[in-house]
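Have a look at input.pdb; it's PDB, C-alpha atoms:
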ATOM      1  CA  MET A   1     250.958-185.223 -92.612  1.00  0.00           C
ATOM      2  CA  LYS A   2     250.247-181.823 -91.159  1.00  0.00           C
ATOM      3  CA  PHE A   3     247.357-181.379 -88.710  1.00  0.00           C
ATOM      4  CA  PRO A   4     245.096-178.854 -90.487  1.00  0.00           C
ATOM      5  CA  LEU A   5     244.524-175.652 -88.531  1.00  0.00           C
ATOM      6  CA  THR A   6     242.804-173.801 -91.385  1.00  0.00           C
ATOM      7  CA  ALA A   7     240.444-174.728 -94.209  1.00  0.00           C
ATOM      8  CA  SER A   8     243.194-174.050 -96.738  1.00  0.00           C
ATOM      9  CA  GLU A   9     245.537-176.432 -94.926  1.00  0.00           C
ATOM     10  CA  LEU A  10     242.881-179.156 -95.056  1.00  0.00           C
ATOM     11  CA  THR A  11     242.330-178.543 -98.766  1.00  0.00           C
ATOM     12  CA  ASN A  12     246.091-178.761 -99.316  1.00  0.00           C
ATOM     13  CA  GLU A  13     246.273-182.073 -97.386  1.00  0.00           C
ATOM     14  CA  ILE A  14     243.574-183.488 -99.667  1.00  0.00           C
ATOM     15  CA  TYR A  15     245.502-182.363-102.746  1.00  0.00           C
ATOM     16  CA  ILE A  16     248.712-183.943-101.420  1.00  0.00           C
ATOM     17  CA  SER A  17     246.772-187.179-100.796  1.00  0.00           C
ATOM     18  CA  VAL A  18     245.498-187.131-104.383  1.00  0.00           C
ATOM     19  CA  ASP A  19     248.921-186.321-105.797  1.00  0.00           C
ATOM     20  CA  LYS A  20     250.423-189.305-103.935  1.00  0.00           C
ATOM     21  CA  TYR A  21     247.580-191.665-104.840  1.00  0.00           C
ATOM     22  CA  LEU A  22     249.529-193.605-107.480  1.00  0.00           C
ATOM     23  CA  GLU A  23     252.311-194.255-104.946  1.00  0.00           C
ATOM     24  CA  ILE A  24     250.301-195.132-101.816  1.00  0.00           C
ATOM     25  CA  GLY A  25     246.651-195.437-102.809  1.00  0.00           C
ATOM     26  CA  ASP A  26     244.141-193.901-100.413  1.00  0.00           C
ATOM     27  CA  LEU A  27     246.273-194.533 -97.306  1.00  0.00           C
ATOM     28  CA  ARG A  28     246.961-190.853 -96.775  1.00  0.00           C
ATOM     29  CA  VAL A  29     243.312-189.780 -97.005  1.00  0.00           C
ATOM     30  CA  ARG A  30     242.335-192.561 -94.579  1.00  0.00           C
ATOM     31  CA  GLN A  31     244.953-191.238 -92.146  1.00  0.00           C
ATOM     32  CA  LEU A  32     243.625-187.723 -92.682  1.00  0.00           C
ATOM     33  CA  ILE A  33     240.097-188.874 -91.817  1.00  0.00           C
ATOM     34  CA  LYS A  34     241.394-190.253 -88.508  1.00  0.00           C
ATOM     35  CA  ILE A  35     242.949-186.950 -87.441  1.00  0.00           C
ATOM     36  CA  LEU A  36     239.959-184.889 -88.566  1.00  0.00           C
ATOM     37  CA  SER A  37     237.952-186.063 -85.555  1.00  0.00           C
ATOM     38  CA  ASN A  38     239.882-183.376 -83.640  1.00  0.00           C
ATOM     39  CA  VAL A  39     239.162-180.619 -86.168  1.00  0.00           C
ATOM     40  CA  PRO A  40     236.113-178.319 -85.885  1.00  0.00           C
ATOM     41  CA  ASP A  41     233.285-179.157 -88.311  1.00  0.00           C
ATOM     42  CA  GLU A  42     233.170-175.651 -89.801  1.00  0.00           C
ATOM     43  CA  LEU A  43     236.855-175.858 -90.746  1.00  0.00           C
ATOM     44  CA  ILE A  44     236.291-179.276 -92.334  1.00  0.00           C
ATOM     45  CA  ILE A  45     233.299-178.069 -94.318  1.00  0.00           C
ATOM     46  CA  GLU A  46     235.050-174.963 -95.603  1.00  0.00           C
ATOM     47  CA  GLY A  47     238.108-177.006 -96.586  1.00  0.00           C
ATOM     48  CA  LEU A  48     235.929-179.488 -98.482  1.00  0.00           C
ATOM     49  CA  ILE A  49     233.909-176.770-100.202  1.00  0.00           C
ATOM     50  CA  LYS A  50     237.193-175.321-101.471  1.00  0.00           C
ATOM     51  CA  VAL A  51     237.909-178.692-103.115  1.00  0.00           C
ATOM     52  CA  PHE A  52     234.477-178.866-104.769  1.00  0.00           C
ATOM     53  CA  GLU A  53     234.615-175.300-106.074  1.00  0.00           C
ATOM     54  CA  ASN A  54     238.222-175.408-107.328  1.00  0.00           C
ATOM     55  CA  ASN A  55     238.480-175.602-111.113  1.00  0.00           C
ATOM     56  CA  ASN A  56     242.286-175.278-111.295  1.00  0.00           C
ATOM     57  CA  ARG A  57     243.075-179.003-110.981  1.00  0.00           C
ATOM     58  CA  ARG A  58     241.250-180.400-114.012  1.00  0.00           C
ATOM     59  CA  GLU A  59     243.476-183.472-114.333  1.00  0.00           C
ATOM     60  CA  THR A  60     242.774-184.619-110.769  1.00  0.00           C
ATOM     61  CA  GLU A  61     239.413-182.959-110.201  1.00  0.00           C
ATOM     62  CA  ILE A  62     237.375-186.169-109.942  1.00  0.00           C
ATOM     63  CA  LEU A  63     239.757-187.791-107.463  1.00  0.00           C
ATOM     64  CA  ASP A  64     239.995-184.519-105.498  1.00  0.00           C
ATOM     65  CA  GLN A  65     236.220-184.520-105.177  1.00  0.00           C
ATOM     66  CA  GLU A  66     236.008-188.254-104.466  1.00  0.00           C
ATOM     67  CA  PHE A  67     238.431-187.862-101.553  1.00  0.00           C
ATOM     68  CA  ALA A  68     236.491-184.840-100.281  1.00  0.00           C
ATOM     69  CA  GLY A  69     233.306-186.898-100.588  1.00  0.00           C
ATOM     70  CA  GLN A  70     234.907-189.772 -98.698  1.00  0.00           C
ATOM     71  CA  ILE A  71     235.702-187.363 -95.859  1.00  0.00           C
ATOM     72  CA  LEU A  72     232.104-186.069 -95.858  1.00  0.00           C
ATOM     73  CA  LYS A  73     230.781-189.615 -95.727  1.00  0.00           C
ATOM     74  CA  GLU A  74     233.066-190.701 -92.879  1.00  0.00           C
ATOM     75  CA  ILE A  75     233.158-187.566 -90.704  1.00  0.00           C
ATOM     76  CA  LYS A  76     229.595-186.285 -91.315  1.00  0.00           C
ATOM     77  CA  PRO A  77     230.430-182.710 -90.257  1.00  0.00           C
ATOM     78  CA  LYS A  78     227.528-180.462 -89.261  1.00  0.00           C
ATOM     79  CA  THR A  79     226.977-176.856 -90.280  1.00  0.00           C
ATOM     80  CA  ASP A  80     224.503-174.009 -90.015  1.00  0.00           C
ATOM     81  CA  VAL A  81     225.808-172.393 -93.207  1.00  0.00           C
ATOM     82  CA  SER A  82     222.951-171.926 -95.654  1.00  0.00           C
ATOM     83  CA  LEU A  83     222.483-174.781 -98.113  1.00  0.00           C
ATOM     84  CA  GLU A  84     221.857-172.193-100.824  1.00  0.00           C
ATOM     85  CA  ILE A  85     225.238-170.554-100.189  1.00  0.00           C
ATOM     86  CA  ILE A  86     227.085-173.882-100.345  1.00  0.00           C
ATOM     87  CA  LEU A  87     225.227-174.988-103.481  1.00  0.00           C
ATOM     88  CA  LYS A  88     225.978-171.764-105.292  1.00  0.00           C
ATOM     89  CA  ARG A  89     229.670-172.090-104.444  1.00  0.00           C
ATOM     90  CA  ILE A  90     230.087-175.664-105.677  1.00  0.00           C
ATOM     91  CA  LEU A  91     227.465-176.101-108.381  1.00  0.00           C
ATOM     92  CA  SER A  92     229.463-175.062-111.436  1.00  0.00           C
ATOM     93  CA  ASN A  93     232.389-177.361-110.626  1.00  0.00           C
ATOM     94  CA  TRP A  94     230.786-180.293-108.767  1.00  0.00           C
ATOM     95  CA  ASN A  95     231.219-183.620-110.569  1.00  0.00           C
ATOM     96  CA  LYS A  96     227.827-185.334-110.771  1.00  0.00           C
ATOM     97  CA  SER A  97     229.327-188.751-110.037  1.00  0.00           C
ATOM     98  CA  VAL A  98     230.351-187.686-106.517  1.00  0.00           C
ATOM     99  CA  GLU A  99     227.124-188.634-104.777  1.00  0.00           C
ATOM    100  CA  GLU A 100     228.417-187.987-101.266  1.00  0.00           C
ATOM    101  CA  ILE A 101     227.697-184.257-101.527  1.00  0.00           C
ATOM    102  CA  PRO A 102     223.927-184.541-102.121  1.00  0.00           C
ATOM    103  CA  PHE A 103     223.714-187.302 -99.491  1.00  0.00           C
ATOM    104  CA  TRP A 104     225.536-185.075 -97.013  1.00  0.00           C
ATOM    105  CA  PHE A 105     223.131-182.244 -97.858  1.00  0.00           C
ATOM    106  CA  LYS A 106     220.220-184.538 -97.037  1.00  0.00           C
ATOM    107  CA  GLU A 107     221.801-185.680 -93.791  1.00  0.00           C
ATOM    108  CA  ASN A 108     222.740-182.174 -92.661  1.00  0.00           C
ATOM    109  CA  TYR A 109     219.708-180.206 -93.862  1.00  0.00           C
ATOM    110  CA  GLY A 110     216.918-182.786 -94.254  1.00  0.00           C
ATOM    111  CA  THR A 111     214.984-183.836 -97.327  1.00  0.00           C
ATOM    112  CA  GLU A 112     212.389-181.058 -97.266  1.00  0.00           C
ATOM    113  CA  ARG A 113     214.952-178.260 -97.008  1.00  0.00           C
ATOM    114  CA  CYS A 114     217.006-179.849 -99.793  1.00  0.00           C
ATOM    115  CA  LYS A 115     213.910-180.105-101.984  1.00  0.00           C
ATOM    116  CA  ASN A 116     212.886-176.487-101.369  1.00  0.00           C
ATOM    117  CA  THR A 117     216.397-175.117-101.889  1.00  0.00           C
ATOM    118  CA  LEU A 118     217.014-177.138-105.058  1.00  0.00           C
ATOM    119  CA  GLU A 119     213.672-175.966-106.468  1.00  0.00           C
ATOM    120  CA  SER A 120     214.378-172.359-105.553  1.00  0.00           C
ATOM    121  CA  ILE A 121     217.817-172.366-107.178  1.00  0.00           C
ATOM    122  CA  SER A 122     216.480-174.258-110.234  1.00  0.00           C
ATOM    123  CA  ASN A 123     214.113-171.383-110.928  1.00  0.00           C
ATOM    124  CA  GLU A 124     216.863-168.773-111.077  1.00  0.00           C
ATOM    125  CA  ALA A 125     217.383-167.408-114.574  1.00  0.00           C
ATOM    126  CA  VAL A 126     221.149-166.972-114.128  1.00  0.00           C
ATOM    127  CA  LEU A 127     221.924-170.702-114.147  1.00  0.00           C
ATOM    128  CA  THR A 128     223.647-172.300-117.076  1.00  0.00           C
ATOM    129  CA  LYS A 129     222.237-175.405-118.733  1.00  0.00           C
ATOM    130  CA  VAL A 130     224.973-177.508-117.093  1.00  0.00           C
ATOM    131  CA  GLU A 131     224.178-176.100-113.645  1.00  0.00           C
ATOM    132  CA  LYS A 132     220.492-176.891-114.123  1.00  0.00           C
ATOM    133  CA  GLU A 133     221.427-180.448-115.134  1.00  0.00           C
ATOM    134  CA  LYS A 134     223.535-180.760-111.999  1.00  0.00           C
ATOM    135  CA  LEU A 135     220.607-179.658-109.850  1.00  0.00           C
ATOM    136  CA  GLU A 136     218.454-182.291-111.554  1.00  0.00           C
ATOM    137  CA  THR A 137     221.153-184.880-110.806  1.00  0.00           C
ATOM    138  CA  MET A 138     221.114-183.881-107.133  1.00  0.00           C
ATOM    139  CA  LYS A 139     217.353-184.330-107.097  1.00  0.00           C
ATOM    140  CA  TRP A 140     217.789-187.732-108.698  1.00  0.00           C
ATOM    141  CA  TRP A 141     220.388-188.822-106.134  1.00  0.00           C
ATOM    142  CA  LEU A 142     218.052-187.704-103.340  1.00  0.00           C
ATOM    143  CA  GLU A 143     214.933-189.182-104.989  1.00  0.00           C
ATOM    144  CA  ILE A 144     213.264-185.758-105.022  1.00  0.00           C
ATOM    145  CA  LYS A 145     210.582-185.270-107.672  1.00  0.00           C
TER     146      LYS A 145
END
Could you render the structure as structure tokens?
Amino acid sequence: MKFPLTASELTNEIYISVDKYLEIGDLRVRQLIKILSNVPDELIIEGLIKVFENNNRRETEILDQEFAGQILKEIKPKTDVSLEIILKRILSNWNKSVEEIPFWFKENYGTERCKNTLESISNEAVLTKVEKEKLETMKWWLEIK
């Protein structure tokens, strides 16, 4: 396993972990989580966002996102990047069953900011029906009415 020095390297390590899942289970992603304690939070977050926004791995997309979610849950990286920016990057491709992303939003940004941002984005006319449904799912996960 390569120690990730860039967000793209982290994303690639996640993809390798997914691709080897049938051979070794989640061993590789658990090892990755251990070495990520020495990686800056911003690099981790950008690497994970790349996983959530990538729509070029349809066959493994759910496991890609589940592993990224597992990393979010374990590492709990912090960021000052706008919640709105992150949401807009991942919304179209995020799988609604990966609850770690809305829970991480709540932990990093707080309930009130999540509520306000989700409402603000929900009111944008440029969203597709699927994207609006995903925002509603995030609200449901976070128990926001």
On this file, the PyMOL selection byres ((chain A and resi 48) around 8) gives some set of residues; write that set as a ChimeraX atom specification. /A:7,10-11,44-47,49-52,68
For CA of Gln65 (chain A) and CA of Glu112 (chain A), quote the distance in Å rounded to one decimal. 25.3 Å
Given the file above and the PyMOL selection byres ((chain A and resi 117) around 12), which residues are selected, and can you give them as a PyMOL selection string? chain A and resi 82-88+105-106+109-116+118-124+135+138-139+144
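Counting only C-alpha atoms, the residue from A:Ile62, A:Leu72, A:Glu136, A:Pro40 that sits nearest to Thr6 (chain A) is A:Pro40.
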What separation in Å, quoted to one decimal, exists between CA of Glu100 (chain A) and CA of Leu127 (chain A)? 22.5 Å
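In this structure, CA of Ile35 (chain A) sits 9.7 Å away from CA of Met1 (chain A).
Matched in the shown structure by the PyMOL selection byres ((chain A and resi 130) around 12): Leu91, Ser92, Asn93, Trp94, Asn95, Lys96, Ser122, Val126, Leu127, Thr128, Lys129, Glu131, Lys132, Glu133, Lys134, Leu135, Glu136 and Thr137 of chain A.
Compared by their closest atoms to Glu42 (chain A), and using all atoms listed in the file, the residues A:Glu107, A:Asp80, A:Asp19, A:Glu143 rank with A:Asp80 nearest.
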For Ser8 (chain A), which of A:Ile75, A:Leu43, A:Leu63, A:Ile101 is the closest residue, counting only C-alpha atoms? A:Leu43
